[in-house]
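This report concerns only the one structure given below.
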Amino acid sequence: MNGIVKSFSGVPALKSVDFDIRGGEVHALLGANGAGKSTLIKILSGAYSSDGGTIAIDGKPAAIRTPSDAKAHGIHCVYQEVDTVIVPQMTVAENIMLDRIASSSGSPWVRWGQIEEEAASILGRLKADIPVRKQASLLSLAEKQLVVIARLLAENAKFVVLDEPTAPLSLEEAERLFRVIDQLKRDGIGMVFISHRLPEVFRISDRITVMRDGEKVMTSAAAGTSADEVVASMLGRAFVEEFPKEEAQIGKVVLHVDRVNQGRHVRDVSMDARSGEIVAVVGLVGAGKTELSRALFGADNRSGGTVSVNGKKVSQGDPAAAINAGLVLVPEERRKQGILVGETVMRNLSLPFLKSISKLGFISGTREADTSDALIARLGVKTSSRHERTAHLSGGNQQKVSIGKWLPTNADVYLFDEPTKGVDIGAKSDIFRIIGELAKSGKAVVYLTCEFSEAIGIADRILVMCDGQIVKSFDRGEATQEELLLHASGGRGERA
Amino acid sequence: MERTMNFIFKYGALLVIGFVIIFFSLWDEHFFTYNNISDILRSISIVTFIAIGVTFSLTVDGFDLSVGSTVSLTTVGVATIMVWYEMPLVVVLTVPLLIGALIGLLNAFLIVKVRIPDLLATLAVMYIISGVQRTYTKGYSIYDNMQMSDGSTAPGVFTDSFLQIGQGKWLGIPIPVILMVIAVVLVHLFFKYTRYGRQMQMTGGNEEAARLSGVRVKRIRTAAYVISGIFAAIGGILFAARTGTGQIDAGAPMLMEAVAAVFVGYSVLGAGRPNVIGTFFGSVLIGVLLNGMTMMHVPYYTNDIIKGGVLVLALAVTFIHLARRKA
């Protein structure tokens with residue numbers, strides 16, 4: 001791939017990127033969130049078309065505009081959500097040979113004996129012990145992944161993009177996948193390997209490319225590169241954005257979390273947050289931060305552990321109970337969970353505290369209007385009026401509504417899940433100001449983010465999360481972005 | 001184009017109603033008379049009650065297909081309580097309301113707890129209730145001193161005080177019409193000014209966001225289905241009181257009319273969501289159409305074509321509008 005350029009509504013996502021894959025090698029593609037990795041592979045696989053640049057295969061230019069173009073050139077992708085490409089009610093053999101069965105050319109008859117034989121021989125090549133007549137829905141996630149890989153082989157793949165294939169896997173399952181990857185290597189297949197976990201990148205890659213802000217910053221042989229070098233080039237220059245932190249009096253423990261579990265996403269998380277304290281939980285995408293925030297708030301059922309606010313246990317699976325206990329969540333999925341986009345600003349703001357402005361079930365119109373106007377002013381929501389539908393607000397202003405609705409509830413603990421995602425710089429500083437004010441007024445704040453620089457900027461304490469566990473804790477001023485990234489990617493944990 | 005579309009969405013339904021009224025008035029001088037108007041309003045009052053119930057279930061983004069058979073069951077229910085058992089008026093009125101609430105609870109249990117999709121759950125319940133009604137009456141309609149299957153005669157009759165509810169007048173206005181207006185106003189106030197009405201609308205708007213804002217969405221959705229059942233039961237009582245008999249399968253044709261009324265109501269004044277004022281105008285439109293067609297001697301068996309046509313038109317306007325708003 002040469003000089004690939006892509007921008008989304010004027011914002012450049014890729015600035016002339018060169019990238020190449022050799023047959024029989026694993027080429028790791030690394031970068032922080034938003035560095036341009038996914039955009040690049042989506043162009044390679046035909047999901048996006050590029051604005052400029054060329055793609056050549058074996059020296060011959062290849063026009064890839066659609067996913068089927070890419071497949072015709074032998075380029076295949078294995079995305080994280082393998083379930084979306086598996087037909088659950090069909091057998092393993094049918095899933096592997098899906099292309100053959102579904103193709104309109106050739107004989108109209110399906111020869112089951114031959115299909116099963118071929119499927120079995122491909123699985124044998126991968127040394128995968130999966131019965132070909134088993135129904136796909138009964139497979140484990142790791143087995144489904146192998147079925148998807150087997151399907152690529154059935155379709156004569158020459159290049160395979162593996163997009164964070166190990167994220168949902170256990171250590172043993174990941175190890176089995178690496179052996180499959182080694183086998184593919186020997187078969188001469190070139191692979192792009194995307195992962196946040198540095199140890200495994202070094203375990204299986206031949207070359208490493210690091211991207212940052214839509215540019216390629218480094219390509220080198222894995223053997224001669226250290227983890228520290230990779231981390232340094234992922235982060236680049238120190239983040240200069242300034243988040244003035246307000247001084248707040250830190251008091252007694254308000255939120256106490258004891259060994260909370262949530263399936264395999266959150267494992268034995270214990271933490272405290274004190275009044276006036278901002279605790280950041282940092283981790284890479286998929287580390288389990290969102291699951292943790294939802295488990296604490298009771299949006300999802302916890303599979304174990306307790307959450308207490310002011311010494312009182314909060315019952316689970318019931319956000320209303322958490323809110324009554326003084327625990328509130330500003331969720332990551334703003335437009336789906338934080339606000340109702342079809343409703344007005346006022347009706348969004350007042351929803352959590354309708355009870356306090358109602359008498360005998362009747363909402364006081366004036367109190368609702370006054371409280372809303374006061375919140376709009378205090379938060380700096382840019383809206384034509386309180387009657388504007390929130391769908392018409394910018395992302396940052398929607399986020400302010402999603403936060404502001406909690407302010408009159410007098411909650412003691414605020415959970416923020418990626419509150420600055422998709423928010424412009426002006427709204428960002430407003431959001432930091434609100435969070436600072438909350439801490440100053442004695443609230444406990446838990447700030448979950450994958451932006452390390454933000455955590456360093458505003459937090460009194462930083463907890464690093466990796467694979468559902470808290471692996472490290474830093475006090476204010478102790479942590480650097482490099483250290484956070486290293487711990488978040490399992491570089492210093494037991495995974496290494 | 002954009003402006004015309006918005007105009008059509010906002011005023012289209014009211015314009016159609018106005019146009020239809022003018023058309024029938026010109027066609028037949030008897031159409032726009034006090035007696036006929038009062039007839040139309042009385043004939044739509046039952047459907048309006050059922051449609052109010054449908055408005056509730058649609059507000060929480062659900063659906064209740066069982067309202068028609070709830071009407072049927074409560075109609076024969078009140079009839080048998082009077083004709084077979086000679087119970088006092090209090091019992092005659094409370095039992096059907098309880099039945100309606102219970103059917104609503106059953107629906108809510110299946111939809112909210114067991115998580116069967118609303119259309120399928122209430123489709124099944126619709127058949128169950130309809131079957132219960134036929135089994136209970138052994139397939140016969142109920143009338144004063146009816147012949148029982150063992151050859152004897154039923155002891156009771158429809159009492160005058162009960163028939164008043166459906167046939168009486170107050171200041172020259174039919175009582176069902178007065179009840180309908182009161183119900184529409186109360187439900188309107190409920191949705192506009194009370195916390196529970198607001199929580200229903202928010203639950204229907206985005207259940208997950210409402211839940212994460214502290215709304216107890218399961219309770220709210222359950223309440224909506226129970227209220228839907230109760231309003232259908234009121235429809236059943238009114239139907240028995242108006243006809244003075246307990247006709248079997250009386251509610252079956254009303255489901256369509258009620259649903260059509262609610263969807264016409266979506267677009268009244270551009271609300272874009274279920275709303276009770278719109279629902280009222282929706283049933284006015286259907287009532288006027290059916291009344292006028294009868295006057296024009298269009299045979300009654302074409303009625304379903306008209307109702308279906310109105311529903312399709314209302315749905316088309318609503319969904320085209322929703323699709324445009326998303327874009």
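Here's how to read the names in the structure tokens: chain A, B, ... by the order shown, residue numbers from 1 in each chain, ligand numbers from 1 in the order shown.
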| message | So that I can see what lies close to Val90 of chain B, please list as a PyMOL selection string the residues with an atom at most 12 Å from it, counting only C-alpha atoms and leaving out residues fewer than 5 positions away in the same chain. | response | chain B and resi 78+81-82+95-97+161-162
C-alpha atoms of the current selection, written as a tab-separated table (two decimals), in the first residue's frame:
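Output contents, as saved in result-v6.tsv:
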chain	number	residue	atom	x	y	z
B	78	VAL	CA	-71.30	-7.96	32.19
B	81	ILE	CA	-73.51	-11.16	35.51
B	82	MET	CA	-76.87	-9.48	35.01
B	95	VAL	CA	-65.77	-7.41	37.63
B	96	PRO	CA	-65.05	-6.50	33.99
B	97	LEU	CA	-62.55	-3.84	35.07
B	161	SER	CA	-79.64	1.77	35.39
B	162	PHE	CA	-77.01	-0.18	33.43
| request: Could you list the residues in chain B lying within 7 Å of chain A, using only C-alpha atoms, and format the result as JSON, numbers by chain? | output: {"B": [193, 194, 195, 205, 206, 208, 209, 211, 212, 213, 214, 215, 216]}
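Note that the spacing between atom CA of Phe202 of chain A and atom CA of Ala455 of chain A amounts to 27.5 Å.
If you measure from each of B:Val181, B:Met296, B:Ile305, B:Ala316 to Ser267 of chain B using only C-alpha atoms, the closest one turns out to be B:Ala316.
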| said: DSSP on the backbone, alpha helix (DSSP H) only: what residues of segment 119-285 of chain A does that give? Format it as a PyMOL selection string. | reply: chain A and resi 119-125+141-154+171-186+198-204+227-235
Export of prior selection with C-alpha atoms as a compact mmCIF listing (two decimals), in the first residue's frame:
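Output (out-v4.txt):
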# COMPACT_ATOMS: atom_id res chain seq x y z
CA ALA A 119 -13.50 -29.09 5.84
CA ALA A 120 -11.95 -31.84 7.91
CA SER A 121 -8.70 -31.67 5.95
CA ILE A 122 -8.42 -27.90 6.45
CA LEU A 123 -9.07 -28.24 10.18
CA GLY A 124 -6.48 -31.00 10.22
CA ARG A 125 -3.93 -28.64 8.65
CA LEU A 141 -15.52 -18.33 20.88
CA ALA A 142 -11.98 -19.57 20.23
CA GLU A 143 -13.29 -22.48 18.18
CA LYS A 144 -15.49 -20.16 16.14
CA GLN A 145 -12.40 -18.08 15.41
CA LEU A 146 -10.67 -21.18 14.09
CA VAL A 147 -13.69 -21.97 11.93
CA VAL A 148 -13.50 -18.47 10.45
CA ILE A 149 -9.79 -18.92 9.77
CA ALA A 150 -10.47 -22.33 8.21
CA ARG A 151 -13.03 -20.68 5.96
CA LEU A 152 -10.40 -18.21 4.74
CA LEU A 153 -8.17 -21.13 3.81
CA ALA A 154 -11.06 -22.79 1.97
CA LEU A 171 -4.18 -17.39 27.70
CA GLU A 172 -4.35 -21.03 26.58
CA GLU A 173 -6.77 -20.20 23.78
CA ALA A 174 -4.48 -17.39 22.64
CA GLU A 175 -1.53 -19.76 22.66
CA ARG A 176 -3.46 -22.19 20.47
CA LEU A 177 -4.26 -19.35 18.07
CA PHE A 178 -0.55 -18.47 17.87
CA ARG A 179 0.25 -22.03 16.84
CA VAL A 180 -2.36 -21.72 14.09
CA ILE A 181 -0.77 -18.44 13.01
CA ASP A 182 2.63 -20.16 12.89
CA GLN A 183 1.10 -22.81 10.63
CA LEU A 184 -0.36 -20.16 8.31
CA LYS A 185 3.07 -18.56 8.16
CA ARG A 186 4.60 -21.83 7.01
CA LEU A 198 2.68 -6.05 23.61
CA PRO A 199 4.01 -9.37 24.92
CA GLU A 200 2.10 -11.37 22.35
CA VAL A 201 3.03 -8.93 19.60
CA PHE A 202 6.66 -9.73 20.29
CA ARG A 203 5.84 -13.43 20.60
CA ILE A 204 4.52 -13.86 17.06
CA ALA A 227 8.75 -2.71 24.20
CA ASP A 228 9.83 0.69 25.51
CA GLU A 229 10.71 1.87 22.02
CA VAL A 230 7.30 0.79 20.72
CA VAL A 231 5.48 2.54 23.58
CA ALA A 232 7.49 5.71 23.09
CA SER A 233 6.65 5.91 19.41
CA MET A 234 2.97 5.15 20.04
CA LEU A 235 2.70 8.12 22.36
| query | Using only C-alpha atoms, which residues sit within 10 Å of segment 148-156 of chain B once same-chain residues fewer than 2 positions away are excluded, as number ranges by chain? | reply | B: 79-87, 138, 140, 142-146, 158-159
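For the pair atom CA of Val17 of chain A and atom CA of Val5 of chain A, the separation is 6.8 Å.
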| request: Fewer than 5 positions away in the same chain doesn't count, so skip those; otherwise give me all residues within 10 Å of Leu315 of chain B, counting only C-alpha atoms, as JSON, numbers by chain. | output: {"B": [260, 262, 263, 264, 266, 267, 309, 310, 320, 321]}
Keeping only C-alpha atoms, write the selected residues as a PDB file, in the first residue's frame.
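In the end it all went to result_18.pdb:
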ATOM      1  CA  ALA B 260     -55.998   2.853  12.967  1.00  0.00           C
ATOM      2  CA  VAL B 262     -54.015   5.760  17.171  1.00  0.00           C
ATOM      3  CA  PHE B 263     -51.847   5.838  14.075  1.00  0.00           C
ATOM      4  CA  VAL B 264     -53.927   8.578  12.483  1.00  0.00           C
ATOM      5  CA  TYR B 266     -49.562  10.140  15.371  1.00  0.00           C
ATOM      6  CA  SER B 267     -49.699  12.780  12.726  1.00  0.00           C
ATOM      7  CA  GLY B 309     -57.060   1.732   3.860  1.00  0.00           C
ATOM      8  CA  VAL B 310     -57.098   4.402   6.554  1.00  0.00           C
ATOM      9  CA  ILE B 320     -42.218   8.224   5.997  1.00  0.00           C
ATOM     10  CA  HIS B 321     -42.029  11.052   8.501  1.00  0.00           C
TER      11      HIS B 321
END
| message | So the first atom is atom CA of Met200 of chain B and the second is atom CA of Leu179 of chain B; what is the distance between them in Å, to one decimal place? | response | 23.8 Å
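Close contacts of Thr420 of chain A, defined as residues with an atom at most 8 Å away when counting only C-alpha atoms, with chain neighbours fewer than 4 positions off set aside, comprise Gly396, Lys428 and Ile431 of chain A.
For Leu285 of chain B, the non-local neighbours within 10 Å, defined as residues at least 5 positions apart in the same chain or in other chains and counting only C-alpha atoms, are Ala13, Leu14, Val16, Ile17, Gly18, Val20, Ile21, Ile44, Ala260, Ala261, Val264, Gly265, Thr279, Phe280, Leu290, Asn291 and Val310 of chain B.
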| task | Name all residues at most 10 Å from segment 28-37 of chain B (count only C-alpha atoms; drop same-chain ones fewer than 6 positions away) and give them as a PyMOL selection string. | result | chain B and resi 21-22+43+172-173+287-288+291-292+295-296
